[in-house]
2 protein chains.
Amino acid sequence: MSVTAVGSVAFDALETPFGKRDKVLGGAATHFSFSASFFSSVNVVGVVGGDFGDDEWKLFEHHHVNTDDIEVIEDGRTFFWKGRYEYDMNTAHTLDTQLNVFETFDPKLSENSKNTKLLFLANILPKLQKQVREQSNAEFVAMDTMNFWIDSMKDDVIETVKVVDCVIINDAEARQLASVPNVITAAKEILSWGPRAVVIKRGEYGAALFTENSYFAIPAYPLESVFDPTGAGDTFAGGFMGYLASREKIDNEAMRRAMIYGSVMASFNVEKFGTERINGLDYPEINGRFRDFKRFTHFEEIPFEQASTAGP
Amino acid sequence: MSVTAVGSVAFDALETPFGKRDKVLGGAATHFSFSASFFSSVNVVGVVGGDFGDDEWKLFEHHHVNTDDIEVIEDGRTFFWKGRYEYDMNTAHTLDTQLNVFETFDPKLSENSKNTKLLFLANILPKLQKQVREQSNAEFVAMDTMNFWIDSMKDDVIETVKVVDCVIINDAEARQLASVPNVITAAKEILSWGPRAVVIKRGEYGAALFTENSYFAIPAYPLESVFDPTGAGDTFAGGFMGYLASREKIDNEAMRRAMIYGSVMASFNVEKFGTERINGLDYPEINGRFRDFKRFTHFEEIPFEQASTAGP
């Protein structure tokens, strides 16, 4: 089984309290695909400029990601984002955004990309997401979005939500999208528009999965040092979708484990700049943190039995 | 087994987006003891004024809480707090604080209260907490504190931390107390000062338990409407300590279940004003939410096996 990701491939300039990088490989589709590649085969649909070099292509090759659908505009420049994180590492401050070739991105799926079992619509213009979804024969389609689109074109976002199987967004975006202050109510509202699953990302606080008949919530993997949070959300989505692509059946049980693998991959992503940590990752490390998750969330289900000395 | 709680017994005036109350029974020791009473016998050490009436005493009676160590100063008035919550319900804005008889609170433990197996030091002056701890023969002593004391007398807080077995605080307080921005590092630092357990409360995001050789983390119980968060932290501590008081042995497994019972009790507390919801609570409801916790945190531990199509 395989998954296709549609979204940005970019260069990032990053400043954190722990260091800086002037130009690293980034972009939502990049982070997603590198993460998903550990679990299934992955196609990326994107666009880059003539400045996209051998070092970058080699990283996609290293992860066995199919880049046939990445268009190269030789006389254009690749999408560039510059951001800074303050000490608490929770909020990215955008210092510069140059859309470049991404400004006119008009994703066209090849036959191969149309026919993967899963499709991930990374954060792009909601109308484009819908057009991509309509090109695809995927059985399970997930989307991300962001506050910018919810602010400026909420109706378009909702129209896209209606035609996907899964929405993967952070808690502030969920509240904003559903126009309610409570995140549980917000997720249920979004679910009522059509998707069979809503995944709420809560950063250092973990993640939650809502389906029609089930609720699942996990804490984040406990990290003492977060080095660079850029791409953590897309890396989560990559682990989640990649793991699902490796399963025969996408049911609640598979989605629960996919939540864990998404969290595991995101926990690695933030430990170094850009994709550096994911590039050097191996399976024992991944399954090690998967097992850690079981260990630090497990408790014996022994209900309390009232003693004669207690209670009203 | 039993637990003694030392702290405030108060009247609260509350305003939330959902309504208001001019005078309800409140205070840390009240919320703690009502919650703990479902699991073990409880003594409260506190002080009230002549305005503390039959209705209030009857609530303590209803929960079978031993009030022998609540001093009554007939010509004084009970501690009064007035607070307002905005729409997001996360932050309490204090409108009025009248310490009244609580200003000169000098807790004296009776023989009975000295000899309970567990002791909870609710949020009072850290030096007083230490003096109470020195009066007690308890095997397991837990403390709360708040930003006000950490700001103004951090050394005193640390001296008290050194002589307790468990610190139960929220994540911002933990970071402030340990002077580090990362909550995992903060909890480990606090653990290194002497306690055998540190419990980090994260409100709507759940809670985490740190011991020397184990980490445990849980999401919060998913609630669509939070009515009044006053006392949620103390209600959590009451469920946690009350459950532990009911166990033969206070080990990691018992503490994990205690975390769940703490969260369950807190989830009820916020559903109505003051102690109203806890006053009407029964065991099937409590164990129902305990079982819910197992259901919404459970996943099968099936590690990923690399397929030939995947990965670098």
# chains A, B, ... in the order shown; residues from 1 in each chain; ligands from 1

call {"tool": "interface_residues", "arguments": {"of": "chain A", "to": "chain B", "cutoff": "7 Å", "atoms": "only C-alpha atoms", "output": "MDAnalysis selection string"}}
result
chainID A and resid 37:41 62:64 88 181:182 184:185 205 215:219 222:224 253 256:257 287 294 296:297 299 301 303:304 306 309:312

call {"tool": "write_last_selection", "arguments": {"atoms": "C-alpha atoms", "output": "short mmCIF file (atom, residue, chain, number, x, y, z; two decimals), in the first residue's frame"}}
result
data_model
loop_
_atom_site.label_atom_id
_atom_site.label_comp_id
_atom_site.auth_asym_id
_atom_site.auth_seq_id
_atom_site.Cartn_x
_atom_site.Cartn_y
_atom_site.Cartn_z
CA SER A 37 8.41 6.49 4.22
CA PHE A 38 9.31 4.39 7.25
CA PHE A 39 5.94 2.63 6.99
CA SER A 40 4.89 2.59 3.34
CA SER A 41 5.87 3.77 -0.13
CA HIS A 62 17.50 8.17 0.81
CA HIS A 63 13.91 7.79 2.02
CA HIS A 64 12.82 6.01 -1.21
CA ASP A 88 9.23 28.40 25.08
CA PRO A 181 -14.42 27.35 22.71
CA ASN A 182 -14.44 23.68 23.80
CA ILE A 184 -14.26 18.25 22.39
CA THR A 185 -17.38 19.99 21.10
CA TYR A 205 0.32 17.92 25.43
CA TYR A 215 -12.50 8.59 21.61
CA PHE A 216 -8.77 8.08 22.08
CA ALA A 217 -6.26 10.43 23.69
CA ILE A 218 -2.55 10.24 24.37
CA PRO A 219 0.05 12.42 26.03
CA PRO A 222 8.23 13.21 27.13
CA LEU A 223 11.18 15.18 25.77
CA GLU A 224 13.60 17.19 27.84
CA GLU A 253 -7.55 -0.13 16.40
CA ARG A 256 -5.05 4.24 17.61
CA ARG A 257 -1.67 2.70 16.84
CA ASN A 287 9.59 0.70 17.92
CA LYS A 294 2.66 1.59 26.11
CA PHE A 296 4.02 5.18 30.30
CA THR A 297 0.28 5.08 29.56
CA PHE A 299 -2.50 1.11 34.24
CA GLU A 301 -8.07 -1.65 35.40
CA PRO A 303 -12.13 -0.53 39.95
CA PHE A 304 -12.34 0.82 43.49
CA GLN A 306 -15.96 0.77 48.69
CA THR A 309 -14.81 3.25 56.46
CA ALA A 310 -15.16 5.38 53.37
CA GLY A 311 -17.63 7.56 51.64
CA PRO A 312 -20.97 9.16 52.08
#

call {"tool": "residues_around", "arguments": {"residues": "region 106-110 of chain B", "least_positions_apart": "3", "cutoff": "7 Å", "atoms": "only C-alpha atoms", "output": "list in words"}}
result
Val45, Gly46, Asp69, Ser113, Lys114, Val132 and Gln135 of chain B

call {"tool": "atom_distance", "arguments": {"atom1": "CA of Gly203 (chain A)", "atom2": "CA of Phe102 (chain A)"}}
result
26.9 Å

call {"tool": "atom_distance", "arguments": {"atom1": "CA of Lys20 (chain B)", "atom2": "CA of Asn90 (chain B)"}}
result
16.7 Å

call {"tool": "select_by_dssp", "arguments": {"residues": "region 80-266 of chain B", "states": "strand (DSSP E or B)", "output": "short mmCIF file (atom, residue, chain, number, x, y, z; two decimals) with N, CA and C atoms, in the first residue's frame"}}
result
data_model
loop_
_atom_site.label_atom_id
_atom_site.label_comp_id
_atom_site.auth_asym_id
_atom_site.auth_seq_id
_atom_site.Cartn_x
_atom_site.Cartn_y
_atom_site.Cartn_z
N PHE B 80 -12.75 34.25 52.79
CA PHE B 80 -13.66 34.51 51.69
C PHE B 80 -12.87 34.82 50.42
N TRP B 81 -13.24 34.16 49.32
CA TRP B 81 -12.58 34.43 48.02
C TRP B 81 -13.64 34.67 46.96
N LYS B 82 -13.42 35.71 46.17
CA LYS B 82 -14.34 35.98 45.06
C LYS B 82 -13.55 35.95 43.76
N GLY B 83 -14.02 35.17 42.82
CA GLY B 83 -13.28 35.05 41.56
C GLY B 83 -14.21 34.98 40.36
N ARG B 84 -13.62 35.34 39.21
CA ARG B 84 -14.38 35.30 37.97
C ARG B 84 -13.59 34.53 36.92
N TYR B 85 -14.27 33.72 36.13
CA TYR B 85 -13.65 33.02 35.01
C TYR B 85 -14.17 33.60 33.71
N ALA B 92 -8.43 31.95 36.61
CA ALA B 92 -9.30 32.60 37.58
C ALA B 92 -8.80 34.02 37.82
N HIS B 93 -9.70 34.98 37.73
CA HIS B 93 -9.35 36.36 38.08
C HIS B 93 -9.89 36.63 39.48
N THR B 94 -8.98 36.91 40.42
CA THR B 94 -9.39 37.16 41.78
C THR B 94 -9.98 38.56 41.89
N LEU B 95 -11.22 38.64 42.37
CA LEU B 95 -11.87 39.94 42.54
C LEU B 95 -11.76 40.42 43.98
N ASP B 96 -11.67 39.49 44.92
CA ASP B 96 -11.60 39.87 46.33
C ASP B 96 -11.05 38.69 47.13
N THR B 97 -10.19 38.99 48.08
CA THR B 97 -9.70 37.97 49.01
C THR B 97 -9.77 38.54 50.41
N GLN B 98 -10.51 37.90 51.30
CA GLN B 98 -10.56 38.30 52.70
C GLN B 98 -10.09 37.12 53.54
N LEU B 118 -1.68 8.92 55.77
CA LEU B 118 -1.36 9.92 54.75
C LEU B 118 -1.69 11.33 55.25
N LEU B 119 -0.97 12.30 54.70
CA LEU B 119 -1.17 13.70 55.06
C LEU B 119 -1.10 14.54 53.80
N PHE B 120 -2.06 15.45 53.63
CA PHE B 120 -2.01 16.38 52.49
C PHE B 120 -1.87 17.80 52.99
N LEU B 121 -0.83 18.47 52.55
CA LEU B 121 -0.59 19.86 52.88
C LEU B 121 -1.09 20.71 51.73
N PHE B 140 3.13 8.86 54.20
CA PHE B 140 3.15 9.43 52.86
C PHE B 140 2.54 10.83 52.92
N VAL B 141 3.37 11.83 52.69
CA VAL B 141 2.94 13.23 52.81
C VAL B 141 3.03 13.90 51.45
N ALA B 142 1.94 14.53 51.02
CA ALA B 142 1.95 15.27 49.76
C ALA B 142 1.69 16.75 50.02
N MET B 143 2.22 17.58 49.15
CA MET B 143 2.02 19.03 49.27
C MET B 143 1.61 19.64 47.94
N CYS B 166 5.63 13.58 48.16
CA CYS B 166 4.99 13.80 46.87
C CYS B 166 4.64 15.28 46.72
N VAL B 167 4.96 15.85 45.56
CA VAL B 167 4.60 17.22 45.24
C VAL B 167 3.54 17.18 44.15
N ILE B 168 2.41 17.86 44.39
CA ILE B 168 1.31 17.89 43.41
C ILE B 168 1.10 19.33 42.98
N ILE B 169 1.59 19.71 41.80
CA ILE B 169 1.50 21.11 41.35
C ILE B 169 1.16 21.19 39.87
N ASN B 170 0.81 22.37 39.41
CA ASN B 170 0.54 22.48 37.98
C ASN B 170 1.82 22.75 37.19
N ALA B 197 7.77 11.14 44.52
CA ALA B 197 6.86 11.31 43.39
C ALA B 197 6.58 12.79 43.15
N VAL B 198 6.47 13.16 41.88
CA VAL B 198 6.02 14.51 41.50
C VAL B 198 4.84 14.34 40.54
N VAL B 199 3.74 14.97 40.89
CA VAL B 199 2.55 14.92 40.03
C VAL B 199 2.36 16.30 39.40
N ILE B 200 2.32 16.33 38.07
CA ILE B 200 2.12 17.59 37.35
C ILE B 200 0.70 17.64 36.83
N LYS B 201 -0.07 18.65 37.28
CA LYS B 201 -1.44 18.83 36.81
C LYS B 201 -1.42 19.76 35.60
N ALA B 207 -2.56 14.97 33.16
CA ALA B 207 -1.64 14.99 34.29
C ALA B 207 -0.52 13.99 34.05
N ALA B 208 0.59 14.19 34.75
CA ALA B 208 1.73 13.29 34.60
C ALA B 208 2.32 12.98 35.97
N LEU B 209 2.83 11.78 36.11
CA LEU B 209 3.42 11.30 37.37
C LEU B 209 4.87 10.92 37.13
N PHE B 210 5.76 11.50 37.90
CA PHE B 210 7.20 11.19 37.81
C PHE B 210 7.64 10.52 39.10
N THR B 211 8.25 9.33 38.98
CA THR B 211 8.93 8.74 40.13
C THR B 211 10.35 8.42 39.68
N SER B 214 10.05 5.63 36.91
CA SER B 214 8.87 5.46 36.08
C SER B 214 8.25 6.79 35.70
N TYR B 215 7.65 6.83 34.52
CA TYR B 215 6.92 8.00 34.04
C TYR B 215 5.54 7.53 33.62
N PHE B 216 4.53 8.31 33.95
CA PHE B 216 3.14 7.95 33.61
C PHE B 216 2.42 9.23 33.22
N ALA B 217 1.68 9.19 32.13
CA ALA B 217 0.97 10.40 31.71
C ALA B 217 -0.40 10.04 31.18
N ILE B 218 -1.37 10.89 31.47
CA ILE B 218 -2.75 10.65 31.03
C ILE B 218 -3.36 11.94 30.50
#
